[in-house]
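Enquirer: Right, I'll just put the structure down here and ask away after.
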Amino acid sequence: MVPFLRVAMASWMCGTALFSALPLRAQPGADLSSRLQQALNADDSSKQLEALMVPEQTSAFADRFRRFTERFPETRWAVRAGQPLNDGRQTVEFAVSGTRQQDGLSYSFQAQQTVALSVENGLIADQEILSDQSVLTSASKPLPISLLIPDTVLTGSRYDVDVVVDQPLGKALLAGGLISVTPQQVLQQKSPDIQLEPLGGGGLFKSVQAPFQPGSQVWAALLVHPDGIVTVSKRVQVVDESSKLKP
């Protein structure tokens, strides 16, 4: 993988793994989503976030957050409470956008994630990532794309992973690749190697198969365009009952 692609993938892995350590102490009467947003956007965000965390989680989260902010020093966070689940767990929705300059290139990063939180005696004791996607680009001008990837699929089913370029390509050539990312690679922020191949039809179109056990699949895709490179990630939940599929 060429250096830029590895940097791009590493930045995405850092952003995805960033949310994986959010056990927080929710104080009575406080709105958790508002407190998270305030802490994430503060000048001393690391310190404020550490003040919200269970002590055992502080070190791991602080390291991930430091790596992310080093890559994207200019970020803006939006956090809001989501709909509670049938099992009583709360959900929190995160959105982050950021930019960076390096080696004459301008990078932009956008990500969204929904996390389910279990709260016991005012303490968020457990979490589950319900949805997760991000887009990292070096394009010199906006390259609008659409992610046509389902949020949930049934175990063992086949489904489409499509990343579509929304504007006409004209005579421009497009290359890309897709790979499944393991949970270990996400947690360890390891950049997977993606083999590129010429693409036709204005995007990347793949038919893939879900595992036969419930859980999740994380996909990473690269699109190489004359105007720049786009890195995309998407988490797909794998469920064993049709009633659990999202509309």
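The way I read the labels, and the way they are meant: chains A, B, ... in the order of the structure tokens, residue 1 as the first residue of every chain, and ligand 1 as the first ligand shown, with later ones counted on from there.
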Skip Tyr159 of chain A itself and residues of its chain fewer than 4 positions away, then list as a compact mmCIF listing (two decimals) with all heavy atoms, in the first residue's frame all residues within 12 Å of it, counting only C-alpha atoms.
Expert:
```txt
# COMPACT_ATOMS: atom_id res chain seq x y z
N LEU A 148 -24.24 2.77 -0.38
CA LEU A 148 -25.45 1.94 -0.48
C LEU A 148 -25.14 0.60 0.16
O LEU A 148 -24.94 -0.42 -0.50
CB LEU A 148 -25.86 1.80 -1.95
CG LEU A 148 -26.07 3.12 -2.71
CD1 LEU A 148 -26.53 2.85 -4.13
CD2 LEU A 148 -27.06 4.01 -1.98
N ILE A 149 -25.08 0.63 1.48
CA ILE A 149 -24.70 -0.53 2.29
C ILE A 149 -25.72 -0.66 3.41
O ILE A 149 -25.98 0.32 4.12
CB ILE A 149 -23.30 -0.38 2.87
CG1 ILE A 149 -22.29 -0.02 1.77
CG2 ILE A 149 -22.86 -1.65 3.59
CD1 ILE A 149 -20.91 0.36 2.29
N PRO A 150 -26.33 -1.81 3.63
CA PRO A 150 -27.35 -1.93 4.67
C PRO A 150 -26.75 -1.80 6.07
O PRO A 150 -25.57 -2.10 6.29
CB PRO A 150 -27.94 -3.33 4.43
CG PRO A 150 -26.85 -4.09 3.72
CD PRO A 150 -26.14 -3.07 2.87
N ASP A 151 -27.58 -1.35 7.01
CA ASP A 151 -27.16 -1.29 8.41
C ASP A 151 -27.20 -2.66 9.07
O ASP A 151 -26.36 -2.97 9.92
CB ASP A 151 -28.04 -0.31 9.19
CG ASP A 151 -27.85 1.13 8.77
OD1 ASP A 151 -26.70 1.48 8.44
OD2 ASP A 151 -28.82 1.89 8.77
N THR A 152 -28.19 -3.47 8.69
CA THR A 152 -28.35 -4.80 9.28
C THR A 152 -28.66 -5.81 8.18
O THR A 152 -29.33 -5.49 7.20
CB THR A 152 -29.49 -4.83 10.32
OG1 THR A 152 -30.70 -4.36 9.71
CG2 THR A 152 -29.15 -3.97 11.53
N VAL A 153 -28.16 -7.03 8.37
CA VAL A 153 -28.43 -8.13 7.44
C VAL A 153 -28.63 -9.40 8.25
O VAL A 153 -28.25 -9.49 9.42
CB VAL A 153 -27.26 -8.32 6.44
CG1 VAL A 153 -27.09 -7.10 5.55
CG2 VAL A 153 -25.97 -8.65 7.17
N LEU A 154 -29.26 -10.40 7.61
CA LEU A 154 -29.47 -11.68 8.27
C LEU A 154 -28.22 -12.55 8.17
O LEU A 154 -27.45 -12.46 7.21
CB LEU A 154 -30.65 -12.42 7.63
CG LEU A 154 -32.05 -11.91 7.97
CD1 LEU A 154 -33.09 -12.65 7.12
CD2 LEU A 154 -32.35 -12.12 9.46
N THR A 155 -28.02 -13.39 9.15
CA THR A 155 -26.89 -14.31 9.14
C THR A 155 -26.92 -15.17 7.88
O THR A 155 -27.97 -15.66 7.45
CB THR A 155 -26.95 -15.23 10.37
OG1 THR A 155 -28.25 -15.85 10.44
CG2 THR A 155 -26.69 -14.48 11.66
N PHE A 205 -18.87 -1.87 -6.70
CA PHE A 205 -20.07 -2.67 -6.50
C PHE A 205 -19.66 -4.10 -6.20
O PHE A 205 -19.08 -4.78 -7.05
CB PHE A 205 -20.96 -2.61 -7.75
CG PHE A 205 -21.31 -1.21 -8.17
CD1 PHE A 205 -20.52 -0.52 -9.08
CD2 PHE A 205 -22.43 -0.58 -7.66
CE1 PHE A 205 -20.83 0.76 -9.48
CE2 PHE A 205 -22.76 0.72 -8.05
CZ PHE A 205 -21.96 1.39 -8.96
N LYS A 206 -19.96 -4.56 -4.98
CA LYS A 206 -19.57 -5.90 -4.58
C LYS A 206 -20.76 -6.62 -3.93
O LYS A 206 -21.55 -6.01 -3.19
CB LYS A 206 -18.42 -5.86 -3.57
CG LYS A 206 -17.11 -5.28 -4.11
CD LYS A 206 -16.44 -6.21 -5.10
CE LYS A 206 -15.08 -5.66 -5.53
NZ LYS A 206 -14.39 -6.55 -6.49
N SER A 207 -20.86 -7.92 -4.19
CA SER A 207 -21.81 -8.78 -3.50
C SER A 207 -21.03 -9.61 -2.49
O SER A 207 -20.05 -10.28 -2.85
CB SER A 207 -22.55 -9.69 -4.49
OG SER A 207 -23.43 -10.57 -3.80
N VAL A 208 -21.44 -9.56 -1.22
CA VAL A 208 -20.70 -10.23 -0.16
C VAL A 208 -21.66 -11.10 0.65
O VAL A 208 -22.88 -11.02 0.50
CB VAL A 208 -20.02 -9.20 0.78
CG1 VAL A 208 -19.02 -8.34 0.01
CG2 VAL A 208 -21.06 -8.31 1.45
N GLN A 209 -21.08 -11.93 1.51
CA GLN A 209 -21.90 -12.82 2.34
C GLN A 209 -21.68 -12.52 3.81
O GLN A 209 -20.55 -12.31 4.26
CB GLN A 209 -21.58 -14.28 2.06
CG GLN A 209 -22.49 -15.26 2.82
CD GLN A 209 -22.37 -16.68 2.32
OE1 GLN A 209 -21.38 -17.05 1.71
NE2 GLN A 209 -23.40 -17.49 2.55
N ALA A 210 -22.79 -12.52 4.55
CA ALA A 210 -22.73 -12.30 5.99
C ALA A 210 -22.27 -13.57 6.70
O ALA A 210 -22.49 -14.68 6.20
CB ALA A 210 -24.10 -11.88 6.51
N PRO A 211 -21.64 -13.45 7.86
CA PRO A 211 -21.28 -14.63 8.65
C PRO A 211 -22.54 -15.41 9.06
O PRO A 211 -23.65 -14.89 9.02
CB PRO A 211 -20.58 -14.03 9.88
CG PRO A 211 -20.20 -12.65 9.48
CD PRO A 211 -21.22 -12.20 8.49
N GLN A 217 -19.95 -7.05 10.73
CA GLN A 217 -18.88 -7.00 9.76
C GLN A 217 -18.49 -5.55 9.55
O GLN A 217 -19.36 -4.68 9.48
CB GLN A 217 -19.33 -7.60 8.42
CG GLN A 217 -19.34 -9.11 8.35
CD GLN A 217 -19.70 -9.61 6.96
OE1 GLN A 217 -20.73 -9.25 6.41
NE2 GLN A 217 -18.84 -10.43 6.38
N VAL A 236 -21.64 -3.25 9.51
CA VAL A 236 -22.93 -3.88 9.23
C VAL A 236 -23.25 -4.85 10.36
O VAL A 236 -22.46 -5.76 10.65
CB VAL A 236 -22.90 -4.62 7.87
CG1 VAL A 236 -24.23 -5.31 7.60
CG2 VAL A 236 -22.55 -3.67 6.74
N VAL A 238 -25.02 -8.01 11.95
CA VAL A 238 -25.50 -9.29 11.46
C VAL A 238 -26.43 -9.88 12.52
O VAL A 238 -26.00 -10.14 13.65
CB VAL A 238 -24.32 -10.25 11.18
CG1 VAL A 238 -24.85 -11.57 10.63
CG2 VAL A 238 -23.34 -9.61 10.19
```
Enquirer: Sorted by chain and rising residue number, list the residues of segment 122-204 of chain A at most 9 Å from segment 99-115 of chain A (counting only C-alpha atoms), each with its closest atom pair and distance in Å to one decimal, as CSV.
Expert:
```
residue,atom,partner,partner_atom,distance
A:Gln127,CA,A:Val115,CA,6.6
A:Glu128,CA,A:Val115,CA,5.6
A:Ile129,CA,A:Val115,CA,4.5
A:Leu130,CA,A:Thr114,CA,5.5
A:Ser131,CA,A:Thr114,CA,5.2
A:Asp132,CA,A:Gln113,CA,4.3
A:Gln133,CA,A:Gln112,CA,5.6
A:Ser134,CA,A:Ala111,CA,4.0
A:Val135,CA,A:Gln110,CA,5.4
A:Leu136,CA,A:Phe109,CA,4.5
A:Thr137,CA,A:Ser108,CA,5.5
A:Ser138,CA,A:Tyr107,CA,4.6
A:Ala139,CA,A:Tyr107,CA,7.6
A:Ser140,CA,A:Ser106,CA,7.3
```
Enquirer: For a quick check of understanding, using only C-alpha atoms, which of A:Pro144, A:Pro226, A:Pro183, A:Pro198 has the smallest distance to Gln167 of chain A?
Expert: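 Between A:Pro144, A:Pro226, A:Pro183, A:Pro198, the residue approaching Gln167 of chain A most closely is A:Pro144.
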Enquirer: So which residues touch Val165 of chain A within 12 Å, counting only C-alpha atoms, skipping near sequence neighbours fewer than 4 positions away, as an NGL selection string?
Expert: :A and (142-148 or 169-170 or 172-176 or 199-205 or 223-225 or 230)
Enquirer: Could the residues in this selection be written to a file with N, CA, C and O atoms, as a compact mmCIF listing (two decimals), in the first residue's frame?
Expert:
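The new file part-v4.txt reads:
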```
# COMPACT_ATOMS: atom_id res chain seq x y z
N PRO A 142 -14.65 18.64 -3.75
CA PRO A 142 -15.58 17.64 -3.25
C PRO A 142 -15.87 16.55 -4.28
O PRO A 142 -16.09 16.81 -5.46
N LEU A 143 -15.83 15.31 -3.82
CA LEU A 143 -16.17 14.17 -4.64
C LEU A 143 -17.35 13.46 -3.96
O LEU A 143 -17.15 12.59 -3.12
N PRO A 144 -18.57 13.87 -4.27
CA PRO A 144 -19.73 13.31 -3.57
C PRO A 144 -19.91 11.83 -3.87
O PRO A 144 -19.85 11.40 -5.02
N ILE A 145 -20.11 11.06 -2.82
CA ILE A 145 -20.34 9.63 -2.96
C ILE A 145 -21.54 9.22 -2.12
O ILE A 145 -21.94 9.92 -1.18
N SER A 146 -22.13 8.09 -2.45
CA SER A 146 -23.23 7.51 -1.69
C SER A 146 -22.82 6.11 -1.24
O SER A 146 -22.27 5.33 -2.03
N LEU A 147 -23.08 5.81 0.04
CA LEU A 147 -22.82 4.48 0.57
C LEU A 147 -24.12 3.69 0.55
O LEU A 147 -25.03 3.94 1.35
N LEU A 148 -24.24 2.77 -0.38
CA LEU A 148 -25.45 1.94 -0.48
C LEU A 148 -25.14 0.60 0.16
O LEU A 148 -24.94 -0.42 -0.50
N LEU A 169 -18.26 10.71 -14.31
CA LEU A 169 -16.81 10.58 -14.33
C LEU A 169 -16.19 11.13 -15.61
O LEU A 169 -15.01 11.46 -15.63
N GLY A 170 -16.98 11.21 -16.67
CA GLY A 170 -16.43 11.64 -17.94
C GLY A 170 -15.34 10.68 -18.40
O GLY A 170 -15.53 9.47 -18.42
N ALA A 172 -12.52 10.34 -16.78
CA ALA A 172 -11.69 9.99 -15.62
C ALA A 172 -11.72 8.50 -15.36
O ALA A 172 -12.76 7.84 -15.53
N LEU A 173 -10.59 7.96 -14.95
CA LEU A 173 -10.49 6.55 -14.58
C LEU A 173 -10.62 6.42 -13.08
O LEU A 173 -10.14 7.26 -12.31
N LEU A 174 -11.26 5.35 -12.65
CA LEU A 174 -11.50 5.11 -11.23
C LEU A 174 -10.98 3.73 -10.87
O LEU A 174 -11.19 2.76 -11.59
N ALA A 175 -10.26 3.65 -9.75
CA ALA A 175 -9.78 2.37 -9.24
C ALA A 175 -10.22 2.25 -7.79
O ALA A 175 -10.48 3.25 -7.11
N GLY A 176 -10.29 1.03 -7.30
CA GLY A 176 -10.71 0.85 -5.91
C GLY A 176 -10.58 -0.57 -5.45
O GLY A 176 -10.18 -1.48 -6.20
N LEU A 199 -12.16 0.19 -11.89
CA LEU A 199 -13.59 0.12 -11.64
C LEU A 199 -14.34 0.73 -12.81
O LEU A 199 -13.89 1.70 -13.42
N GLY A 200 -15.51 0.20 -13.09
CA GLY A 200 -16.38 0.76 -14.12
C GLY A 200 -17.74 1.07 -13.53
O GLY A 200 -18.07 0.66 -12.42
N GLY A 201 -18.51 1.83 -14.26
CA GLY A 201 -19.87 2.09 -13.82
C GLY A 201 -20.01 3.12 -12.73
O GLY A 201 -21.07 3.22 -12.11
N GLY A 202 -18.96 3.89 -12.45
CA GLY A 202 -19.11 4.99 -11.51
C GLY A 202 -19.03 4.63 -10.05
O GLY A 202 -19.58 5.34 -9.20
N GLY A 203 -18.33 3.57 -9.72
CA GLY A 203 -18.19 3.24 -8.31
C GLY A 203 -17.73 1.82 -8.08
O GLY A 203 -17.32 1.11 -9.01
N LEU A 204 -17.81 1.41 -6.83
CA LEU A 204 -17.41 0.06 -6.42
C LEU A 204 -18.67 -0.71 -6.07
O LEU A 204 -19.47 -0.27 -5.23
N PHE A 205 -18.87 -1.87 -6.70
CA PHE A 205 -20.07 -2.67 -6.50
C PHE A 205 -19.66 -4.10 -6.20
O PHE A 205 -19.08 -4.78 -7.05
N LEU A 223 -11.32 4.35 -2.93
CA LEU A 223 -11.58 4.80 -4.29
C LEU A 223 -10.48 5.77 -4.68
O LEU A 223 -10.22 6.75 -3.96
N VAL A 224 -9.82 5.53 -5.80
CA VAL A 224 -8.75 6.40 -6.30
C VAL A 224 -9.26 7.09 -7.56
O VAL A 224 -9.58 6.44 -8.55
N HIS A 225 -9.35 8.41 -7.48
CA HIS A 225 -9.91 9.25 -8.54
C HIS A 225 -8.85 10.28 -8.93
O HIS A 225 -8.00 10.63 -8.10
N VAL A 230 -10.46 8.54 -1.74
CA VAL A 230 -11.52 8.48 -0.74
C VAL A 230 -11.44 7.14 -0.02
O VAL A 230 -11.35 6.09 -0.66
```
Enquirer: Using DSSP assignments from the backbone, pull out every residue in segment 66-158 of chain A that falls under strand (DSSP E or B) and give it to me as a ChimeraX atom specification.
Expert: /A:74-81,90-102,105-120,123-137,145-148,152-154,158
